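Shown next: model.csv, given as CSV, C-alpha atoms and all ligand atoms.
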```csv
chain,number,residue,atom,x,y,z
A,1,MET,CA,19.9,35.8,-11.8
A,2,GLU,CA,16.6,34.1,-11.5
A,3,PHE,CA,15.3,35.0,-15.0
A,4,ALA,CA,17.7,34.5,-17.9
A,5,PHE,CA,17.2,35.8,-21.4
A,6,VAL,CA,14.4,34.4,-23.6
A,7,ASP,CA,15.1,34.9,-27.3
A,8,CYS,CA,11.5,35.2,-28.5
A,9,HIS,CA,12.2,34.9,-32.2
A,10,CYS,CA,15.2,33.2,-33.8
A,11,HIS,CA,15.9,30.9,-36.7
A,12,ILE,CA,18.2,28.3,-35.1
A,13,SER,CA,17.1,25.7,-37.7
A,14,ALA,CA,18.5,28.0,-40.5
A,15,ARG,CA,21.2,26.5,-42.8
A,16,GLU,CA,23.6,29.3,-41.6
A,17,PHE,CA,23.9,27.5,-38.3
A,18,GLU,CA,24.4,23.9,-39.5
A,19,GLU,CA,28.2,23.9,-39.6
A,20,ASP,CA,29.1,25.2,-36.2
A,21,LEU,CA,25.9,24.7,-34.2
A,22,GLU,CA,27.7,23.4,-31.1
A,23,ASP,CA,29.8,26.5,-30.8
A,24,VAL,CA,26.8,28.8,-31.4
A,25,ILE,CA,24.8,27.0,-28.7
A,26,GLN,CA,27.7,27.2,-26.3
A,27,ARG,CA,28.0,31.0,-26.8
A,28,THR,CA,24.2,31.2,-26.5
A,29,THR,CA,24.1,29.6,-23.0
A,30,GLU,CA,27.2,31.5,-21.9
A,31,ALA,CA,25.4,34.7,-22.7
A,32,GLY,CA,22.6,33.7,-20.3
A,33,VAL,CA,20.0,32.7,-22.9
A,34,LYS,CA,17.8,30.1,-21.3
A,35,THR,CA,15.2,29.7,-24.1
A,36,LEU,CA,15.2,29.9,-27.9
A,37,VAL,CA,11.7,30.4,-29.3
A,38,ALA,CA,12.6,28.8,-32.6
A,39,VAL,CA,10.4,29.9,-35.5
A,40,THR,CA,10.3,28.3,-38.9
A,41,GLU,CA,9.4,29.8,-42.3
A,42,GLU,CA,8.7,26.8,-44.5
A,43,VAL,CA,7.6,23.2,-44.1
A,44,ARG,CA,11.0,21.9,-45.1
A,45,GLU,CA,12.4,23.3,-41.8
A,46,PHE,CA,9.9,21.6,-39.5
A,47,ASP,CA,11.8,18.4,-39.0
A,48,ARG,CA,15.0,20.2,-38.3
A,49,VAL,CA,13.5,22.3,-35.5
A,50,LEU,CA,12.1,19.2,-33.8
A,51,GLN,CA,15.5,17.5,-34.1
A,52,LEU,CA,17.0,20.5,-32.4
A,53,GLN,CA,14.5,20.2,-29.6
A,54,ASP,CA,15.4,16.6,-29.2
A,55,ARG,CA,19.1,17.6,-29.0
A,56,TYR,CA,18.7,20.6,-26.7
A,57,PRO,CA,15.4,20.0,-24.9
A,58,ASP,CA,16.1,22.6,-22.2
A,59,LEU,CA,16.8,25.3,-24.7
A,60,VAL,CA,14.9,24.9,-28.0
A,61,ALA,CA,11.1,25.7,-28.0
A,62,PRO,CA,9.7,25.0,-31.5
A,63,CYS,CA,7.2,27.0,-33.5
A,64,PHE,CA,5.8,25.9,-36.9
A,65,GLY,CA,4.8,28.5,-39.4
A,66,VAL,CA,4.6,29.3,-43.1
A,67,HIS,CA,6.1,32.8,-43.7
A,68,PRO,CA,4.5,35.3,-46.1
A,69,LEU,CA,7.7,35.0,-48.2
A,70,GLN,CA,9.0,31.7,-49.3
A,71,GLY,CA,12.4,30.8,-50.7
A,72,GLY,CA,14.5,31.9,-47.7
A,73,GLY,CA,15.4,35.4,-48.8
A,74,GLY,CA,17.5,34.1,-51.8
A,75,PRO,CA,17.1,34.7,-55.5
A,76,GLU,CA,14.0,32.4,-55.6
A,77,GLN,CA,12.1,34.4,-52.9
A,78,ARG,CA,8.4,34.7,-53.7
A,79,SER,CA,5.2,35.5,-52.0
A,80,VAL,CA,3.5,32.6,-50.3
A,81,LYS,CA,0.8,30.5,-52.1
A,82,PRO,CA,-2.1,28.6,-50.4
A,83,GLN,CA,-0.4,25.3,-51.6
A,84,ASP,CA,2.5,26.1,-49.3
A,85,LEU,CA,0.3,25.9,-46.3
A,86,ASP,CA,-1.6,22.8,-47.6
A,87,ALA,CA,1.7,20.9,-47.5
A,88,ALA,CA,2.4,22.1,-43.9
A,89,LEU,CA,-1.1,21.6,-42.4
A,90,PRO,CA,-0.8,18.0,-41.3
A,91,HIS,CA,2.4,18.7,-39.4
A,92,PHE,CA,0.8,21.3,-37.1
A,93,TYR,CA,-1.7,18.7,-35.9
A,94,LYS,CA,0.7,15.8,-35.7
A,95,HIS,CA,3.3,17.7,-33.6
A,96,ARG,CA,0.9,20.1,-31.7
A,97,GLU,CA,2.1,18.9,-28.3
A,98,ARG,CA,5.6,20.0,-29.1
A,99,LEU,CA,4.9,23.5,-30.3
A,100,VAL,CA,5.0,26.7,-28.2
A,101,ALA,CA,3.5,28.9,-30.9
A,102,VAL,CA,2.5,29.2,-34.5
A,103,GLY,CA,5.1,31.3,-36.4
A,104,GLU,CA,6.7,32.8,-38.2
A,105,ILE,CA,3.5,33.9,-39.9
A,106,GLY,CA,2.3,37.3,-41.1
A,107,LEU,CA,2.1,39.8,-43.9
A,108,ASP,CA,4.8,41.3,-46.1
A,109,PHE,CA,3.5,43.9,-48.5
A,110,THR,CA,6.9,45.3,-49.5
A,111,PRO,CA,6.2,46.2,-53.1
A,112,TRP,CA,9.0,44.1,-54.7
A,113,CYS,CA,8.1,41.1,-52.5
A,114,ALA,CA,4.3,41.1,-53.2
A,115,PRO,CA,3.8,43.1,-56.3
A,116,THR,CA,0.3,42.0,-57.3
A,117,GLN,CA,-3.1,42.1,-55.5
A,118,GLN,CA,-3.2,38.3,-55.9
A,119,ASP,CA,0.1,38.0,-53.9
A,120,ARG,CA,-1.4,40.1,-51.1
A,121,ASP,CA,-4.6,38.1,-51.2
A,122,ASP,CA,-2.7,34.8,-51.0
A,123,GLN,CA,-0.7,36.1,-48.1
A,124,MET,CA,-3.8,37.2,-46.3
A,125,ASN,CA,-5.4,33.8,-46.9
A,126,VAL,CA,-2.4,31.9,-45.6
A,127,PHE,CA,-2.1,34.2,-42.6
A,128,VAL,CA,-5.8,34.0,-41.5
A,129,LYS,CA,-5.7,30.2,-41.9
A,130,GLN,CA,-2.8,30.0,-39.5
A,131,LEU,CA,-4.5,32.3,-37.1
A,132,ASP,CA,-7.3,29.8,-37.1
A,133,ILE,CA,-4.9,26.9,-36.4
A,134,ALA,CA,-3.4,28.9,-33.5
A,135,LYS,CA,-6.8,29.4,-32.0
A,136,GLU,CA,-7.7,25.7,-32.5
A,137,LEU,CA,-4.4,24.5,-30.9
A,138,GLU,CA,-4.6,27.2,-28.2
A,139,LEU,CA,-1.2,28.6,-29.1
A,140,PRO,CA,0.1,32.2,-29.3
A,141,VAL,CA,1.3,33.5,-32.7
A,142,ASN,CA,4.8,34.8,-33.6
A,143,VAL,CA,4.2,37.4,-36.3
A,144,HIS,CA,6.1,39.2,-39.1
A,145,SER,CA,4.7,42.4,-40.5
A,146,ARG,CA,6.4,44.6,-43.1
A,147,SER,CA,4.8,47.4,-44.9
A,148,ALA,CA,1.6,46.0,-43.4
A,149,ALA,CA,1.6,47.1,-39.7
A,150,LYS,CA,-1.9,48.3,-39.4
A,151,VAL,CA,-3.6,45.6,-41.5
A,152,THR,CA,-1.7,42.9,-39.5
A,153,ILE,CA,-3.0,44.2,-36.2
A,154,VAL,CA,-6.5,44.8,-37.4
A,155,THR,CA,-6.7,41.3,-38.9
A,156,MET,CA,-5.5,39.6,-35.7
A,157,ARG,CA,-8.1,41.6,-33.7
A,158,GLU,CA,-10.9,40.7,-36.1
A,159,GLN,CA,-9.9,37.1,-35.9
A,160,GLY,CA,-10.1,37.2,-32.1
A,161,ILE,CA,-6.4,36.6,-31.5
A,162,SER,CA,-5.4,37.6,-27.9
A,163,ARG,CA,-1.8,36.3,-27.6
A,164,ALA,CA,0.6,37.6,-30.2
A,165,LEU,CA,4.2,38.7,-30.6
A,166,LEU,CA,4.9,41.2,-33.3
A,167,HIS,CA,8.6,40.7,-34.1
A,168,ASN,CA,10.9,43.5,-35.3
A,169,PHE,CA,7.8,45.8,-35.6
A,170,ALA,CA,8.5,49.0,-37.5
A,171,GLY,CA,5.1,50.6,-37.9
A,172,LYS,CA,4.0,53.9,-36.4
A,173,PRO,CA,3.8,54.2,-32.6
A,174,SER,CA,0.1,55.0,-32.9
A,175,VAL,CA,-0.4,51.6,-34.6
A,176,ALA,CA,1.8,49.8,-32.1
A,177,LEU,CA,-0.4,51.3,-29.3
A,178,GLU,CA,-3.5,49.7,-30.9
A,179,GLY,CA,-1.6,46.4,-30.6
A,180,VAL,CA,-0.8,47.1,-27.0
A,181,LYS,CA,-4.5,47.8,-26.3
A,182,ALA,CA,-5.3,44.4,-27.8
A,183,GLY,CA,-2.8,42.8,-25.4
A,184,TYR,CA,0.0,42.1,-28.0
A,185,LEU,CA,3.7,42.1,-27.3
A,186,PHE,CA,6.6,43.5,-29.4
A,187,SER,CA,10.1,42.2,-29.7
A,188,PHE,CA,13.2,44.0,-30.8
A,189,PRO,CA,16.4,42.5,-32.3
A,190,PRO,CA,20.0,43.9,-32.0
A,191,ALA,CA,19.6,45.7,-35.3
A,192,VAL,CA,17.5,48.4,-33.5
A,193,CYS,CA,20.8,49.7,-32.0
A,194,ARG,CA,21.7,51.0,-35.5
A,195,ASN,CA,18.3,52.5,-36.2
A,196,GLN,CA,17.3,55.6,-34.2
A,197,GLN,CA,13.8,55.7,-35.7
A,198,ARG,CA,12.9,52.7,-33.6
A,199,ASP,CA,13.7,54.5,-30.4
A,200,LYS,CA,10.5,56.4,-30.5
A,201,LEU,CA,8.6,53.2,-30.7
A,202,ILE,CA,10.5,51.6,-27.9
A,203,ARG,CA,9.9,54.6,-25.7
A,204,LYS,CA,6.1,54.5,-26.3
A,205,ILE,CA,5.5,50.8,-25.8
A,206,PRO,CA,5.2,49.9,-22.1
A,207,LEU,CA,7.9,47.6,-20.8
A,208,GLU,CA,5.2,45.1,-19.9
A,209,HIS,CA,4.6,44.7,-23.7
A,210,ILE,CA,8.2,44.3,-24.8
A,211,CYS,CA,10.2,41.1,-25.4
A,212,LEU,CA,13.8,40.5,-26.6
A,213,GLU,CA,14.7,38.7,-29.8
A,214,THR,CA,17.6,38.3,-32.1
A,215,ASP,CA,16.0,37.0,-35.4
A,216,SER,CA,19.3,35.2,-35.8
A,217,PRO,CA,20.9,34.7,-38.3
A,218,ALA,CA,19.5,38.0,-39.5
A,219,LEU,CA,19.1,41.5,-37.9
A,220,GLY,CA,22.4,41.7,-36.0
A,221,LEU,CA,24.3,44.8,-35.1
A,222,ASP,CA,26.5,44.4,-38.3
A,223,LYS,CA,24.2,44.1,-41.3
A,224,HIS,CA,26.7,41.9,-43.2
A,225,ALA,CA,27.6,39.4,-40.4
A,226,ARG,CA,25.6,36.4,-39.2
A,227,ASN,CA,23.7,37.2,-36.0
A,228,GLU,CA,23.6,34.8,-33.1
A,229,PRO,CA,21.2,34.4,-30.1
A,230,GLY,CA,24.1,35.4,-27.8
A,231,SER,CA,23.8,39.0,-29.1
A,232,ILE,CA,20.5,39.4,-27.3
A,233,VAL,CA,22.3,41.3,-24.6
A,234,LEU,CA,22.7,44.1,-27.1
A,235,SER,CA,18.9,44.4,-27.5
A,236,CYS,CA,18.5,44.4,-23.7
A,237,ARG,CA,21.1,47.2,-23.2
A,238,HIS,CA,19.7,49.3,-26.0
A,239,ILE,CA,16.1,49.1,-24.7
A,240,ALA,CA,17.4,49.8,-21.2
A,241,ASP,CA,19.2,52.9,-22.5
A,242,VAL,CA,16.3,54.2,-24.5
A,243,LYS,CA,13.9,53.7,-21.6
A,244,GLY,CA,16.3,54.9,-18.9
A,245,LEU,CA,16.1,51.6,-17.0
A,246,SER,CA,18.7,49.2,-15.8
A,247,PRO,CA,19.6,46.2,-18.1
A,248,GLN,CA,18.7,43.9,-15.2
A,249,THR,CA,15.1,45.4,-15.1
A,250,VAL,CA,14.7,44.9,-18.8
A,251,GLN,CA,16.1,41.4,-18.6
A,252,LEU,CA,13.8,40.4,-15.8
A,253,VAL,CA,10.6,42.0,-17.1
A,254,THR,CA,11.0,40.9,-20.7
A,255,ALA,CA,11.7,37.3,-19.6
A,256,GLN,CA,8.5,37.4,-17.4
A,257,ASN,CA,6.6,38.8,-20.4
A,258,ALA,CA,8.0,36.0,-22.6
A,259,LEU,CA,7.0,33.2,-20.2
A,260,ARG,CA,3.5,34.7,-19.9
A,261,LEU,CA,3.1,34.8,-23.7
A,262,PHE,CA,4.6,31.4,-24.3
A,263,PRO,CA,3.5,29.4,-21.2
A,264,LYS,CA,4.4,26.0,-22.8
A,265,VAL,CA,8.1,26.9,-22.6
A,266,ASN,CA,8.0,26.0,-19.0
A,267,GLN,CA,6.1,22.9,-19.6
A,268,LEU,CA,8.4,21.7,-22.3
A,269,GLN,CA,11.5,22.5,-20.4
A,270,ARG,CA,10.4,20.3,-17.5
A,271,GLY,CA,10.3,17.5,-20.0
A,272,GLY,CA,6.6,17.6,-20.5
A,273,PHE,CA,6.2,16.8,-24.2
B,301,ZN,ZN,12.3,36.0,-38.4
```

Structure translated into C-alpha cells:
Amino acid sequence: MEFAFVDCHCHISAREFEEDLEDVIQRTTEAGVKTLVAVTEEVREFDRVLQLQDRYPDLVAPCFGVHPLQGGGGPEQRSVKPQDLDAALPHFYKHRERLVAVGEIGLDFTPWCAPTQQDRDDQMNVFVKQLDIAKELELPVNVHSRSAAKVTIVTMREQGISRALLHNFAGKPSVALEGVKAGYLFSFPPAVCRNQQRDKLIRKIPLEHICLETDSPALGLDKHARNEPGSIVLSCRHIADVKGLSPQTVQLVTAQNALRLFPKVNQLQRGGF
C-alpha cells in the first residue's frame, strides 16, 4: 500500500516503553505504521524523544510540548505552572529544525485536576504561550482538551492558529464542527472502540478532518493494559465501521491528512534535519 499508517499522537518516549522498546518498534513497523508523531508532556522528556529520533530517523517525528497536567498521571500529578514552560522554552528554539509540531499542549479543566481558578488561568497562560511559539516556528499544534472543548477551540481561533490536531476529542459534535470550520483535524485512539458515545462524533466529522492515533501507552482497547502504536489498526477499522467505509479508504485518507497537517514528517524522513 502506498500510504501506511501515521500514528499522529503517541508517547513513545514514555517510561513504559523503555524496557522492551525494540520489540515494540518491531511490532509497530510490522503493523504498517510508517510514522510516529511523538508528543512529549514535560521538559524532562525532550532529550529522550530526540534520542529516539536519532535511533529511528525514518519512524520517529518529535514534538515538544508542556502538557496542562504535569507529573505523568501519577500521584504527584498537578496542574501546569508558568515556571514549567520557562524551563522548556530554550529547548524549542534550540531544536526547532527537528520538530514536526508543538505538543502535547492544551487545557484540562477536569475538576479534580484543576480545582482552582488559578490552576485554570495558569493552564491558559501556558497554552497561549505555546500557541505563540508554534506560530513563530511555523509549526502545527498537537492538542489535548478535556472538560474544555469549546474554550480550547475558541482560544486557538482567537490566536490565529490554522493547523491543529485535537487528539482524543470528546466534546459535543456541534463544537467539533466549529473546529472543522476552522480547518482543524481530530484523531481517535483505539479506546473509541469501547465507547459508543464517540461514534456520533466520528460520524459527524468529515473523513478529510480525521487522523488516526494510539496515545500509547494510554487509551488502548483494554483500559488496564499498555497500549502500543501497532494497535492503530483498531482505530482504523472502527472508524471505517462507523462511517461505512473500507479500512483501506480510512487508512489512505487519514495518512494523507496527517502528512498535510505535519508536512515536516516527509522532510525529516528524507534525512533533512
Ligand atoms: Zn497524549

May I ask for the distance between atom CA of Leu137 of chain A and atom CA of Gln70 of chain A, given in Å to one decimal place?
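We find that atom CA of Leu137 of chain A and atom CA of Gln70 of chain A lie 23.9 Å from each other.
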
Can you list, as a list in words, every protein, DNA or RNA residue that comes within 12 Å of Asp23 of chain A when you count only C-alpha atoms, leaving out same-chain residues fewer than 6 positions away?
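In the requested form, the answer reads Phe17, Thr29, Glu30, Glu228, Pro229 and Gly230 of chain A.
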
Protein and nucleic residues near ligand ZN 301 (chain B), 8 Å, all atoms listed in the file, as a PDB file with C-alpha atoms, keeping the file's coordinate frame:
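File produced: result01.pdb:
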```pdb
ATOM      1  CA  HIS A   9      12.200  34.900 -32.200  1.00  0.00           C
ATOM      2  CA  CYS A  10      15.200  33.200 -33.800  1.00  0.00           C
ATOM      3  CA  HIS A  11      15.900  30.900 -36.700  1.00  0.00           C
ATOM      4  CA  VAL A  39      10.400  29.900 -35.500  1.00  0.00           C
ATOM      5  CA  THR A  40      10.300  28.300 -38.900  1.00  0.00           C
ATOM      6  CA  GLU A  41       9.400  29.800 -42.300  1.00  0.00           C
ATOM      7  CA  GLU A 104       6.700  32.800 -38.200  1.00  0.00           C
ATOM      8  CA  HIS A 144       6.100  39.200 -39.100  1.00  0.00           C
ATOM      9  CA  HIS A 167       8.600  40.700 -34.100  1.00  0.00           C
ATOM     10  CA  ASP A 215      16.000  37.000 -35.400  1.00  0.00           C
ATOM     11  CA  SER A 216      19.300  35.200 -35.800  1.00  0.00           C
ATOM     12  CA  ALA A 218      19.500  38.000 -39.500  1.00  0.00           C
TER      13      ALA A 218
END
```

Using only C-alpha atoms, which protein or nucleic acid residues come within 8 Å of Val242 of chain A? Drop anything in the same chain fewer than 3 positions from it, and give the result as a VMD selection string.
chain A and resid 199 202 to 203 238 to 239 245

Output file for the residues above (C-alpha atoms, as a PDB file, keeping the file's coordinate frame):
```
ATOM      1  CA  ASP A 199      13.700  54.500 -30.400  1.00  0.00           C
ATOM      2  CA  ILE A 202      10.500  51.600 -27.900  1.00  0.00           C
ATOM      3  CA  ARG A 203       9.900  54.600 -25.700  1.00  0.00           C
ATOM      4  CA  HIS A 238      19.700  49.300 -26.000  1.00  0.00           C
ATOM      5  CA  ILE A 239      16.100  49.100 -24.700  1.00  0.00           C
ATOM      6  CA  LEU A 245      16.100  51.600 -17.000  1.00  0.00           C
TER       7      LEU A 245
END
```

Check the smallest atom-to-atom distance from each of A:Asn195, A:Thr249, A:Gln53, A:Gln123 to Lys223 of chain A using all atoms listed in the file, then report the winner.
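Among A:Asn195, A:Thr249, A:Gln53, A:Gln123, it is A:Asn195 that comes nearest to Lys223 of chain A.
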
Quick one: segment 209-237 of chain A with N, CA and C atoms, as a PDB file, keeping the file's coordinate frame?
```
ATOM      1  N   HIS A 209       4.944  45.185 -22.341  1.00  0.00           N
ATOM      2  CA  HIS A 209       4.600  44.700 -23.700  1.00  0.00           C
ATOM      3  C   HIS A 209       5.804  44.459 -24.565  1.00  0.00           C
ATOM      4  N   ILE A 210       6.986  44.424 -23.965  1.00  0.00           N
ATOM      5  CA  ILE A 210       8.200  44.300 -24.800  1.00  0.00           C
ATOM      6  C   ILE A 210       8.903  42.950 -24.454  1.00  0.00           C
ATOM      7  N   CYS A 211       9.403  42.308 -25.509  1.00  0.00           N
ATOM      8  CA  CYS A 211      10.200  41.100 -25.400  1.00  0.00           C
ATOM      9  C   CYS A 211      11.535  41.324 -26.125  1.00  0.00           C
ATOM     10  N   LEU A 212      12.476  40.428 -25.887  1.00  0.00           N
ATOM     11  CA  LEU A 212      13.800  40.500 -26.600  1.00  0.00           C
ATOM     12  C   LEU A 212      13.824  39.373 -27.625  1.00  0.00           C
ATOM     13  N   GLU A 213      14.488  39.659 -28.720  1.00  0.00           N
ATOM     14  CA  GLU A 213      14.700  38.700 -29.800  1.00  0.00           C
ATOM     15  C   GLU A 213      16.000  38.947 -30.456  1.00  0.00           C
ATOM     16  N   THR A 214      16.466  37.995 -31.270  1.00  0.00           N
ATOM     17  CA  THR A 214      17.600  38.300 -32.100  1.00  0.00           C
ATOM     18  C   THR A 214      17.314  38.153 -33.596  1.00  0.00           C
ATOM     19  N   ASP A 215      16.289  37.381 -33.949  1.00  0.00           N
ATOM     20  CA  ASP A 215      16.000  37.000 -35.400  1.00  0.00           C
ATOM     21  C   ASP A 215      17.239  36.429 -36.033  1.00  0.00           C
ATOM     22  N   SER A 216      18.127  35.832 -35.255  1.00  0.00           N
ATOM     23  CA  SER A 216      19.300  35.200 -35.800  1.00  0.00           C
ATOM     24  C   SER A 216      18.871  34.207 -36.904  1.00  0.00           C
ATOM     25  N   PRO A 217      19.604  34.083 -38.003  1.00  0.00           N
ATOM     26  CA  PRO A 217      20.900  34.700 -38.300  1.00  0.00           C
ATOM     27  C   PRO A 217      20.809  36.107 -38.904  1.00  0.00           C
ATOM     28  N   ALA A 218      19.617  36.695 -38.973  1.00  0.00           N
ATOM     29  CA  ALA A 218      19.500  38.000 -39.500  1.00  0.00           C
ATOM     30  C   ALA A 218      19.480  39.099 -38.422  1.00  0.00           C
ATOM     31  N   LEU A 219      19.369  40.345 -38.807  1.00  0.00           N
ATOM     32  CA  LEU A 219      19.100  41.500 -37.900  1.00  0.00           C
ATOM     33  C   LEU A 219      20.061  41.674 -36.755  1.00  0.00           C
ATOM     34  N   GLY A 220      21.357  41.403 -37.009  1.00  0.00           N
ATOM     35  CA  GLY A 220      22.400  41.700 -36.000  1.00  0.00           C
ATOM     36  C   GLY A 220      22.822  43.125 -36.032  1.00  0.00           C
ATOM     37  N   LEU A 221      23.787  43.424 -35.195  1.00  0.00           N
ATOM     38  CA  LEU A 221      24.300  44.800 -35.100  1.00  0.00           C
ATOM     39  C   LEU A 221      25.021  45.127 -36.440  1.00  0.00           C
ATOM     40  N   ASP A 222      25.783  44.170 -36.974  1.00  0.00           N
ATOM     41  CA  ASP A 222      26.500  44.400 -38.300  1.00  0.00           C
ATOM     42  C   ASP A 222      25.602  43.697 -39.342  1.00  0.00           C
ATOM     43  N   LYS A 223      25.108  44.535 -40.240  1.00  0.00           N
ATOM     44  CA  LYS A 223      24.200  44.100 -41.300  1.00  0.00           C
ATOM     45  C   LYS A 223      24.727  42.911 -42.089  1.00  0.00           C
ATOM     46  N   HIS A 224      26.057  42.882 -42.260  1.00  0.00           N
ATOM     47  CA  HIS A 224      26.700  41.900 -43.200  1.00  0.00           C
ATOM     48  C   HIS A 224      27.169  40.652 -42.472  1.00  0.00           C
ATOM     49  N   ALA A 225      27.069  40.614 -41.162  1.00  0.00           N
ATOM     50  CA  ALA A 225      27.600  39.400 -40.400  1.00  0.00           C
ATOM     51  C   ALA A 225      26.431  38.593 -39.923  1.00  0.00           C
ATOM     52  N   ARG A 226      26.667  37.299 -39.765  1.00  0.00           N
ATOM     53  CA  ARG A 226      25.600  36.400 -39.200  1.00  0.00           C
ATOM     54  C   ARG A 226      25.370  36.805 -37.752  1.00  0.00           C
ATOM     55  N   ASN A 227      24.114  36.885 -37.422  1.00  0.00           N
ATOM     56  CA  ASN A 227      23.700  37.200 -36.000  1.00  0.00           C
ATOM     57  C   ASN A 227      23.543  35.890 -35.261  1.00  0.00           C
ATOM     58  N   GLU A 228      23.725  35.947 -33.943  1.00  0.00           N
ATOM     59  CA  GLU A 228      23.600  34.800 -33.100  1.00  0.00           C
ATOM     60  C   GLU A 228      22.731  35.108 -31.857  1.00  0.00           C
ATOM     61  N   PRO A 229      22.080  34.110 -31.261  1.00  0.00           N
ATOM     62  CA  PRO A 229      21.200  34.400 -30.100  1.00  0.00           C
ATOM     63  C   PRO A 229      22.011  35.055 -28.934  1.00  0.00           C
ATOM     64  N   GLY A 230      23.320  34.785 -28.836  1.00  0.00           N
ATOM     65  CA  GLY A 230      24.100  35.400 -27.800  1.00  0.00           C
ATOM     66  C   GLY A 230      24.132  36.908 -27.801  1.00  0.00           C
ATOM     67  N   SER A 231      23.776  37.493 -28.959  1.00  0.00           N
ATOM     68  CA  SER A 231      23.800  39.000 -29.100  1.00  0.00           C
ATOM     69  C   SER A 231      22.579  39.612 -28.449  1.00  0.00           C
ATOM     70  N   ILE A 232      21.729  38.816 -27.841  1.00  0.00           N
ATOM     71  CA  ILE A 232      20.500  39.400 -27.300  1.00  0.00           C
ATOM     72  C   ILE A 232      20.784  40.430 -26.209  1.00  0.00           C
ATOM     73  N   VAL A 233      21.938  40.309 -25.590  1.00  0.00           N
ATOM     74  CA  VAL A 233      22.300  41.300 -24.600  1.00  0.00           C
ATOM     75  C   VAL A 233      22.357  42.696 -25.153  1.00  0.00           C
ATOM     76  N   LEU A 234      22.642  42.814 -26.465  1.00  0.00           N
ATOM     77  CA  LEU A 234      22.700  44.100 -27.100  1.00  0.00           C
ATOM     78  C   LEU A 234      21.279  44.759 -27.179  1.00  0.00           C
ATOM     79  N   SER A 235      20.274  43.923 -27.490  1.00  0.00           N
ATOM     80  CA  SER A 235      18.900  44.400 -27.500  1.00  0.00           C
ATOM     81  C   SER A 235      18.510  44.893 -26.098  1.00  0.00           C
ATOM     82  N   CYS A 236      18.878  44.089 -25.131  1.00  0.00           N
ATOM     83  CA  CYS A 236      18.500  44.400 -23.700  1.00  0.00           C
ATOM     84  C   CYS A 236      19.128  45.733 -23.324  1.00  0.00           C
ATOM     85  N   ARG A 237      20.411  45.914 -23.612  1.00  0.00           N
ATOM     86  CA  ARG A 237      21.100  47.200 -23.200  1.00  0.00           C
ATOM     87  C   ARG A 237      20.499  48.362 -23.946  1.00  0.00           C
TER      88      ARG A 237
END
```
